[in-house]
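Enquirer: Structure below; questions to follow.
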Amino acid sequence: MLIDEIEKAATRSDYGRLWDTLLAFLEPETSARYPDPALQTNLDLSQVSYIATANRLDLLPSPIRDRFRIVTFPKPTANDLDALLPAMIVDLAKERGLDQSWMTPLDGVEREAVAKHWPGGSVRRLRRIVEAILRERDVRASRN
């Protein structure tokens, strides 16, 4: 089970909080005999694996942090561009319905522009920069 950006889960207790419910699933004793009100029986959820992503750990309550093995990844930097850009170009080609051979890698000037405007951090921001460069490339190609 993948829980993406767990720190953004609602914290109001009106309708039940994800964190409170999740605690029962993460404990071996309770997950082996979890009472399901809809099926009106106990479920054995002890073989379910939980993976959660978070941008910030400080927003999570300590009982949740204690029950997960925390693996941190450093934010990407401009030094990682050579690893990030080729895969991003392939993904963008697929989204456009193109064979990747029709979308050439960024040239030196384009790569320099990316490095100038993306100091690192958000891969979403990097993607927007690359998309802008590819749009400009398309505009220039249609003029010629």
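Residues are named by chain letter and number: chains run A, B, ... in the order of the structure tokens, numbers start at 1 in each chain, and ligands are numbered from 1 in the order shown.
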Which residues, written as a list in words, have at least one atom at most 9 Å from range 117-126 of chain A, with only C-alpha atoms counted and residues fewer than 5 positions away on the same chain left out?

Expert: Pro74, Lys75, Pro76, Thr77, Ala78, Asn79, Asp80, Leu81, Leu84, Leu85, Glu112 and Glu131 of chain A

Enquirer: Atoms to include: C-alpha atoms. Write the selected residues as a short mmCIF file (atom, residue, chain, number, x, y, z; two decimals), in the first residue's frame.

Expert:
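Saved as result_3.cif:
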data_model
loop_
_atom_site.label_atom_id
_atom_site.label_comp_id
_atom_site.auth_asym_id
_atom_site.auth_seq_id
_atom_site.Cartn_x
_atom_site.Cartn_y
_atom_site.Cartn_z
CA PRO A 74 18.71 14.24 -0.82
CA LYS A 75 17.05 16.84 -2.99
CA PRO A 76 18.36 16.75 -6.54
CA THR A 77 20.81 19.44 -7.52
CA ALA A 78 22.02 20.90 -10.79
CA ASN A 79 24.77 18.25 -10.64
CA ASP A 80 22.03 15.64 -11.19
CA LEU A 81 20.78 17.12 -14.46
CA LEU A 84 17.36 13.54 -14.75
CA LEU A 85 17.04 15.12 -18.20
CA GLU A 112 22.64 25.72 -19.96
CA GLU A 131 8.46 21.79 -21.10
#

Enquirer: Just want the 12 Å neighbourhood of Leu92 in chain A, counted on only C-alpha atoms, with same-chain residues fewer than 5 positions away dropped. Output as a list in words.

Expert: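 Neighbouring residues, sequence-local ones excluded: Leu85, Pro86, Ala87, Gly97, Leu98, Asp99, Gln100, Ser101, Trp102, Met103, Thr104, Pro105, Arg127, Arg128, Val130, Glu131, Ala132, Ile133, Leu134 and Arg135 of chain A.
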
Enquirer: Please give the complete set of residues from chain A that DSSP, run on the backbone, assigns to alpha helix (DSSP H), formatted as a ChimeraX atom specification.

Expert: /A:18-26,28-31,62-67,81-95,108-117,123-143

Enquirer: Could you write out the selected residues, including C-alpha atoms, as a short mmCIF file (atom, residue, chain, number, x, y, z; two decimals), in the first residue's frame?

Expert:
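To be explicit, this is the file written out as selection_5.cif:
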data_model
loop_
_atom_site.label_atom_id
_atom_site.label_comp_id
_atom_site.auth_asym_id
_atom_site.auth_seq_id
_atom_site.Cartn_x
_atom_site.Cartn_y
_atom_site.Cartn_z
CA LEU A 18 -5.73 8.65 8.44
CA TRP A 19 -2.94 8.65 11.01
CA ASP A 20 -5.15 7.22 13.76
CA THR A 21 -6.53 4.47 11.52
CA LEU A 22 -3.12 3.68 10.09
CA LEU A 23 -1.68 2.93 13.53
CA ALA A 24 -3.84 -0.20 13.80
CA PHE A 25 -2.64 -1.41 10.41
CA LEU A 26 1.02 -0.92 11.32
CA PRO A 28 1.37 -6.73 14.01
CA GLU A 29 -1.09 -7.67 16.76
CA THR A 30 -3.98 -5.54 15.52
CA SER A 31 -3.37 -5.94 11.79
CA SER A 62 5.81 10.63 16.47
CA PRO A 63 3.74 7.38 16.69
CA ILE A 64 3.59 7.30 12.88
CA ARG A 65 7.29 8.14 12.50
CA ASP A 66 8.16 5.40 15.00
CA ARG A 67 6.38 2.71 13.00
CA LEU A 81 20.78 17.12 -14.46
CA ASP A 82 22.64 14.60 -16.63
CA ALA A 83 20.77 11.80 -14.86
CA LEU A 84 17.36 13.54 -14.75
CA LEU A 85 17.04 15.12 -18.20
CA PRO A 86 17.15 12.00 -20.44
CA ALA A 87 14.39 10.23 -18.49
CA MET A 88 12.33 13.42 -18.43
CA ILE A 89 12.62 13.81 -22.21
CA VAL A 90 11.50 10.18 -22.68
CA ASP A 91 8.49 10.77 -20.39
CA LEU A 92 7.50 13.95 -22.21
CA ALA A 93 7.80 12.18 -25.57
CA LYS A 94 5.48 9.43 -24.36
CA GLU A 95 2.96 11.98 -23.09
CA GLY A 108 24.20 22.63 -24.92
CA VAL A 109 22.40 25.99 -24.99
CA GLU A 110 19.13 24.43 -23.82
CA ARG A 111 20.88 22.53 -21.04
CA GLU A 112 22.64 25.72 -19.96
CA ALA A 113 19.27 27.48 -19.78
CA VAL A 114 17.92 24.69 -17.58
CA ALA A 115 20.96 24.85 -15.29
CA LYS A 116 20.62 28.64 -15.06
CA HIS A 117 16.92 28.55 -14.06
CA VAL A 123 11.63 18.09 -10.01
CA ARG A 124 8.19 19.50 -10.91
CA ARG A 125 9.80 22.89 -11.44
CA LEU A 126 12.53 21.27 -13.53
CA ARG A 127 9.86 19.61 -15.65
CA ARG A 128 8.07 22.94 -16.24
CA ILE A 129 11.36 24.48 -17.38
CA VAL A 130 12.04 21.59 -19.77
CA GLU A 131 8.46 21.79 -21.10
CA ALA A 132 8.92 25.52 -21.76
CA ILE A 133 12.14 24.82 -23.66
CA LEU A 134 10.43 22.13 -25.74
CA ARG A 135 7.50 24.47 -26.51
CA GLU A 136 9.97 27.12 -27.66
CA ARG A 137 11.76 24.49 -29.73
CA ASP A 138 8.42 23.60 -31.38
CA VAL A 139 7.64 27.26 -32.12
CA ARG A 140 11.04 27.78 -33.70
CA ALA A 141 10.71 24.59 -35.76
CA SER A 142 7.31 25.65 -37.13
CA ARG A 143 8.78 28.99 -38.29
#

Enquirer: If you measure from CA of Glu27 in chain A to CA of Phe73 in chain A, what distance in Å do you get, rounded to one decimal?

Expert: 25.8 Å

Enquirer: Just list the residues in chain A DSSP gives strand (DSSP E or B) on the backbone, as a CSV table (one decimal) with N, CA, C and O atoms, in the first residue's frame.

Expert:
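Dumped everything to states-v4.csv:
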chain,number,residue,atom,x,y,z
A,2,LEU,N,0.7,2.1,-1.0
A,2,LEU,CA,1.5,3.3,-1.1
A,2,LEU,C,0.6,4.5,-0.6
A,2,LEU,O,-0.5,4.7,-1.1
A,3,ILE,N,1.2,5.3,0.3
A,3,ILE,CA,0.5,6.5,0.8
A,3,ILE,C,1.4,7.6,0.4
A,3,ILE,O,2.5,7.8,1.0
A,34,TYR,N,-7.9,-7.4,12.2
A,34,TYR,CA,-8.6,-6.1,12.1
A,34,TYR,C,-10.1,-6.3,11.8
A,34,TYR,O,-10.5,-6.9,10.8
A,35,PRO,N,-10.9,-5.7,12.7
A,35,PRO,CA,-12.4,-5.8,12.5
A,35,PRO,C,-12.9,-4.9,11.4
A,35,PRO,O,-12.8,-3.7,11.4
A,36,ASP,N,-13.4,-5.5,10.3
A,36,ASP,CA,-14.0,-4.8,9.2
A,36,ASP,C,-15.5,-4.6,9.4
A,36,ASP,O,-16.2,-5.6,9.4
A,41,THR,N,-16.5,-9.0,9.8
A,41,THR,CA,-15.6,-10.1,10.2
A,41,THR,C,-14.2,-9.5,10.4
A,41,THR,O,-14.0,-8.3,10.1
A,42,ASN,N,-13.3,-10.3,11.0
A,42,ASN,CA,-11.9,-9.8,11.1
A,42,ASN,C,-11.1,-10.2,9.9
A,42,ASN,O,-11.3,-11.2,9.3
A,43,LEU,N,-10.3,-9.2,9.5
A,43,LEU,CA,-9.4,-9.4,8.4
A,43,LEU,C,-8.0,-9.6,8.8
A,43,LEU,O,-7.6,-8.9,9.8
A,51,ILE,N,4.1,1.7,2.4
A,51,ILE,CA,5.2,2.6,2.1
A,51,ILE,C,4.5,4.0,2.0
A,51,ILE,O,3.4,4.1,1.4
A,52,ALA,N,5.1,4.9,2.7
A,52,ALA,CA,4.6,6.3,2.7
A,52,ALA,C,5.7,7.2,2.2
A,52,ALA,O,6.9,7.0,2.5
A,77,THR,N,20.1,18.2,-7.3
A,77,THR,CA,20.8,19.4,-7.5
A,77,THR,C,21.1,19.6,-9.0
A,77,THR,O,20.9,18.6,-9.8
A,120,GLY,N,18.1,23.4,-8.4
A,120,GLY,CA,17.9,22.1,-7.7
A,120,GLY,C,16.6,22.1,-7.0
A,120,GLY,O,15.9,23.1,-7.0
